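Peer 1: The structure that follows is given in the form of structure tokens.
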Amino acid sequence: MIYPLPALLVSCGASPDDYNMLTAAWTGTVCSDPAMCYISVRPERHSHHLIERDMAFTLNLTNRALARAADWCGVKSGRDCDKWAEMGLTPVKGVTVCSPYIEQAPVSIECQVRDILRLGTHDMFIAMVTNVLADERYLDPDTGALRLDKAELITYCHGHYYSLGEQIGHFGWTVRKKSH
């Protein structure tokens, strides 16, 4: 397995009556132009039906403040409880998709499903990124880039959650010419 992975809360559903969220770590970028990503979800998960029906979902990056919700929503089913109420999270109607985003998330990425690959234990939902919402508190005011040291994003690795944040380099730093 390839680890670590982002620990995401994926929100789905087309109306407040069926809004749900699930925890997903099997996710990633598949194309930059057009911007596309994927999530892999077991067909028996409650959210699978909602995503397949609506052909939409929203990826919500999680941080230290959302770590408990990320874990809890990964072991509870939306068939049995209202995860939003139980975790004190606020669903906000999506801007470009029917799925809500989580108001408390540092970054939310709205996605329109383009293809579903049935792979075995999981189905892969390949989606176009239609919108990115970011909490301004976590953005660099000069560049607009996400500040990992401020956002305190978390990852998942072999059954454990870890925080991110310390920068150790940047793209191309190993070959950059030294200034005299």
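Ordering of the structure tokens sets the chain letters (A, B, ...); residue numbers start at 1 within each chain; ligands are numbered from 1 in the order shown.
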Applying 9 Å and only C-alpha atoms, which residues near Val113 of chain A remain after dropping the ones on its own chain fewer than 4 positions away? List them as a compact mmCIF listing (two decimals) with N, CA and C atoms, in the first residue's frame.
Peer 2:
# COMPACT_ATOMS: atom_id res chain seq x y z
N TYR A 38 -9.99 11.50 -7.64
CA TYR A 38 -10.78 10.28 -7.45
C TYR A 38 -10.95 9.99 -5.97
N ILE A 51 -23.52 9.07 -3.82
CA ILE A 51 -22.57 9.59 -4.81
C ILE A 51 -22.93 9.09 -6.21
N GLU A 52 -23.26 7.82 -6.30
CA GLU A 52 -23.62 7.26 -7.61
C GLU A 52 -24.91 7.88 -8.13
N ASP A 54 -26.22 10.91 -7.41
CA ASP A 54 -26.09 12.34 -7.71
C ASP A 54 -24.90 12.68 -8.60
N MET A 55 -23.99 11.71 -8.75
CA MET A 55 -22.78 11.90 -9.55
C MET A 55 -22.00 13.13 -9.08
N ALA A 56 -21.93 13.29 -7.76
CA ALA A 56 -21.21 14.43 -7.17
C ALA A 56 -20.78 14.09 -5.75
N PHE A 57 -19.71 14.75 -5.32
CA PHE A 57 -19.24 14.68 -3.94
C PHE A 57 -18.35 15.87 -3.68
N PHE A 125 -14.55 6.48 -8.07
CA PHE A 125 -15.29 7.58 -8.66
C PHE A 125 -14.27 8.59 -9.16
N ILE A 126 -14.18 8.74 -10.47
CA ILE A 126 -13.26 9.70 -11.08
C ILE A 126 -14.07 10.95 -11.37
N ALA A 127 -13.56 12.10 -10.92
CA ALA A 127 -14.37 13.31 -10.98
C ALA A 127 -13.60 14.53 -11.45
N MET A 128 -14.34 15.45 -12.05
CA MET A 128 -13.81 16.76 -12.42
C MET A 128 -13.92 17.67 -11.20
N VAL A 129 -12.88 18.42 -10.93
CA VAL A 129 -12.94 19.43 -9.88
C VAL A 129 -13.68 20.62 -10.46
Peer 1: Report the residues of segment 35-141 of chain A whose backbone DSSP state falls under strand (DSSP E or B), written as an NGL selection string.
Peer 2: :A and (35-41 or 56-61 or 63 or 91-92 or 101-102 or 107-118 or 123-134 or 139)
Peer 1: I need the chosen residues saved as a tab-separated table (two decimals), in the first residue's frame, with N, CA and C atoms.
Peer 2:
chain	number	residue	atom	x	y	z
A	35	ALA	N	-8.56	19.67	-14.16
A	35	ALA	CA	-8.34	19.21	-12.79
A	35	ALA	C	-9.31	18.07	-12.48
A	36	MET	N	-8.72	16.91	-12.12
A	36	MET	CA	-9.52	15.74	-11.81
A	36	MET	C	-8.94	15.00	-10.61
A	37	CYS	N	-9.81	14.32	-9.89
A	37	CYS	CA	-9.38	13.54	-8.73
A	37	CYS	C	-10.25	12.28	-8.65
A	38	TYR	N	-9.99	11.50	-7.64
A	38	TYR	CA	-10.78	10.28	-7.45
A	38	TYR	C	-10.95	9.99	-5.97
A	39	ILE	N	-11.97	9.19	-5.67
A	39	ILE	CA	-12.11	8.53	-4.38
A	39	ILE	C	-12.52	7.10	-4.66
A	40	SER	N	-12.12	6.19	-3.79
A	40	SER	CA	-12.55	4.81	-3.89
A	40	SER	C	-13.42	4.49	-2.68
A	41	VAL	N	-14.60	3.94	-2.95
A	41	VAL	CA	-15.60	3.70	-1.90
A	41	VAL	C	-16.15	2.28	-2.06
A	56	ALA	N	-21.93	13.29	-7.76
A	56	ALA	CA	-21.21	14.43	-7.17
A	56	ALA	C	-20.78	14.09	-5.75
A	57	PHE	N	-19.71	14.75	-5.32
A	57	PHE	CA	-19.24	14.68	-3.94
A	57	PHE	C	-18.35	15.87	-3.68
A	58	THR	N	-18.06	16.13	-2.41
A	58	THR	CA	-17.14	17.20	-2.05
A	58	THR	C	-16.08	16.63	-1.12
A	59	LEU	N	-14.83	16.86	-1.48
A	59	LEU	CA	-13.71	16.46	-0.63
A	59	LEU	C	-13.45	17.57	0.36
A	60	ASN	N	-13.41	17.23	1.64
A	60	ASN	CA	-13.13	18.21	2.69
A	60	ASN	C	-11.86	17.78	3.40
A	61	LEU	N	-10.80	18.58	3.25
A	61	LEU	CA	-9.56	18.27	3.93
A	61	LEU	C	-9.78	18.41	5.43
A	63	ASN	N	-8.17	18.61	9.49
A	63	ASN	CA	-7.02	19.10	10.28
A	63	ASN	C	-7.17	18.60	11.72
A	91	PRO	N	-23.23	21.59	7.46
A	91	PRO	CA	-23.26	21.41	6.00
A	91	PRO	C	-23.67	22.72	5.33
A	92	VAL	N	-22.97	23.08	4.27
A	92	VAL	CA	-23.31	24.27	3.49
A	92	VAL	C	-23.59	23.82	2.07
A	101	TYR	N	-20.66	21.17	1.41
A	101	TYR	CA	-19.30	21.15	1.93
A	101	TYR	C	-19.38	21.40	3.43
A	102	ILE	N	-18.30	21.11	4.13
A	102	ILE	CA	-18.25	21.26	5.58
A	102	ILE	C	-17.71	22.65	5.90
A	107	VAL	N	-10.20	23.34	3.64
A	107	VAL	CA	-10.33	23.36	2.18
A	107	VAL	C	-11.40	22.35	1.79
A	108	SER	N	-12.26	22.76	0.86
A	108	SER	CA	-13.28	21.87	0.32
A	108	SER	C	-13.19	21.91	-1.20
A	109	ILE	N	-13.27	20.73	-1.82
A	109	ILE	CA	-13.10	20.61	-3.27
A	109	ILE	C	-14.36	19.95	-3.84
A	110	GLU	N	-15.13	20.73	-4.58
A	110	GLU	CA	-16.37	20.22	-5.16
A	110	GLU	C	-16.05	19.44	-6.43
A	111	CYS	N	-16.70	18.28	-6.58
A	111	CYS	CA	-16.37	17.35	-7.67
A	111	CYS	C	-17.61	16.81	-8.35
A	112	GLN	N	-17.57	16.77	-9.68
A	112	GLN	CA	-18.64	16.17	-10.49
A	112	GLN	C	-18.11	14.86	-11.05
A	113	VAL	N	-18.77	13.75	-10.71
A	113	VAL	CA	-18.31	12.42	-11.14
A	113	VAL	C	-18.41	12.31	-12.66
A	114	ARG	N	-17.34	11.82	-13.25
A	114	ARG	CA	-17.28	11.63	-14.70
A	114	ARG	C	-17.34	10.14	-15.07
A	115	ASP	N	-16.68	9.30	-14.26
A	115	ASP	CA	-16.65	7.86	-14.52
A	115	ASP	C	-16.66	7.10	-13.20
A	116	ILE	N	-17.18	5.89	-13.26
A	116	ILE	CA	-17.12	4.98	-12.12
A	116	ILE	C	-16.45	3.71	-12.60
A	117	LEU	N	-15.36	3.34	-11.98
A	117	LEU	CA	-14.67	2.09	-12.29
A	117	LEU	C	-14.96	1.09	-11.19
A	118	ARG	N	-15.54	-0.03	-11.53
A	118	ARG	CA	-15.85	-1.08	-10.56
A	118	ARG	C	-14.63	-1.99	-10.50
A	123	ASP	N	-15.28	0.76	-5.57
A	123	ASP	CA	-15.55	1.43	-6.85
A	123	ASP	C	-14.81	2.76	-6.81
A	124	MET	N	-14.16	3.09	-7.91
A	124	MET	CA	-13.43	4.34	-8.01
A	124	MET	C	-14.29	5.36	-8.74
A	125	PHE	N	-14.55	6.48	-8.07
A	125	PHE	CA	-15.29	7.58	-8.66
A	125	PHE	C	-14.27	8.59	-9.16
A	126	ILE	N	-14.18	8.74	-10.47
A	126	ILE	CA	-13.26	9.70	-11.08
A	126	ILE	C	-14.07	10.95	-11.37
A	127	ALA	N	-13.56	12.10	-10.92
A	127	ALA	CA	-14.37	13.31	-10.98
A	127	ALA	C	-13.60	14.53	-11.45
A	128	MET	N	-14.34	15.45	-12.05
A	128	MET	CA	-13.81	16.76	-12.42
A	128	MET	C	-13.92	17.67	-11.20
A	129	VAL	N	-12.88	18.42	-10.93
A	129	VAL	CA	-12.94	19.43	-9.88
A	129	VAL	C	-13.68	20.62	-10.46
A	130	THR	N	-14.77	21.03	-9.81
A	130	THR	CA	-15.57	22.14	-10.31
A	130	THR	C	-15.41	23.41	-9.48
A	131	ASN	N	-14.88	23.28	-8.26
A	131	ASN	CA	-14.72	24.45	-7.41
A	131	ASN	C	-13.84	24.08	-6.21
A	132	VAL	N	-13.08	25.06	-5.74
A	132	VAL	CA	-12.27	24.89	-4.54
A	132	VAL	C	-12.59	26.04	-3.60
A	133	LEU	N	-12.94	25.68	-2.37
A	133	LEU	CA	-13.25	26.67	-1.33
A	133	LEU	C	-12.19	26.53	-0.25
A	134	ALA	N	-11.59	27.65	0.15
A	134	ALA	CA	-10.55	27.60	1.18
A	134	ALA	C	-10.80	28.65	2.24
A	139	LEU	N	-4.50	30.58	4.26
A	139	LEU	CA	-3.84	30.93	3.01
A	139	LEU	C	-2.77	31.98	3.23
Peer 1: Can you list, as a PyMOL selection string, all residues belonging to segment 101-173 of chain A that DSSP tags as alpha helix (DSSP H)?
Peer 2: chain A and resi 148-151
Peer 1: Name all residues at most 8 Å from segment 84-89 of chain A (count only C-alpha atoms; drop same-chain ones fewer than 2 positions away) and give them as a list in words.
Peer 2: Asn20, Met21, Ala69, Cys81, Asp82, Pro91, Ile102, Glu103 and Gln104 of chain A
Peer 1: Could you dump the residues just selected with C-alpha atoms as a PDB file, in the first residue's frame?
Peer 2:
ATOM      1  CA  ASN A  20     -24.045  12.442   4.605  1.00  0.00           C
ATOM      2  CA  MET A  21     -20.297  12.206   4.913  1.00  0.00           C
ATOM      3  CA  ALA A  69     -14.834  13.737  13.264  1.00  0.00           C
ATOM      4  CA  CYS A  81     -27.192   8.381  12.720  1.00  0.00           C
ATOM      5  CA  ASP A  82     -26.923  12.005  11.653  1.00  0.00           C
ATOM      6  CA  PRO A  91     -23.255  21.415   6.003  1.00  0.00           C
ATOM      7  CA  ILE A 102     -18.249  21.264   5.578  1.00  0.00           C
ATOM      8  CA  GLU A 103     -18.133  24.840   6.858  1.00  0.00           C
ATOM      9  CA  GLN A 104     -15.381  23.960   9.362  1.00  0.00           C
TER      10      GLN A 104
END
Peer 1: Report as a tab-separated table: every residue of segment 49-104 of chain A with an atom at most 8 Å from segment 154-160 of chain A, its closest pair of atoms, and their distance in Å to one decimal, counting only C-alpha atoms, with rows sorted by chain and ascending residue number.
Peer 2:
residue	atom	partner	partner_atom	distance
A:Thr62	CA	A:Ile154	CA	6.0
A:Asn63	CA	A:Ile154	CA	5.1
A:Arg64	CA	A:Ile154	CA	6.5
A:Ala67	CA	A:Ile154	CA	7.3
Peer 1: Which of these, A:His122, A:Ala65, A:Ser15, A:Ile2, has the shortest distance to Ser163 of chain A once you count only C-alpha atoms?
Peer 2: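 Closest candidate: A:Ala65.
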Peer 1: Could you list, as a PyMOL selection string, every residue within 9 Å of segment 71-74 of chain A, counting only C-alpha atoms and ignoring same-chain residues fewer than 5 positions away?
Peer 2: chain A and resi 7+9+21-24+66+83+87+161
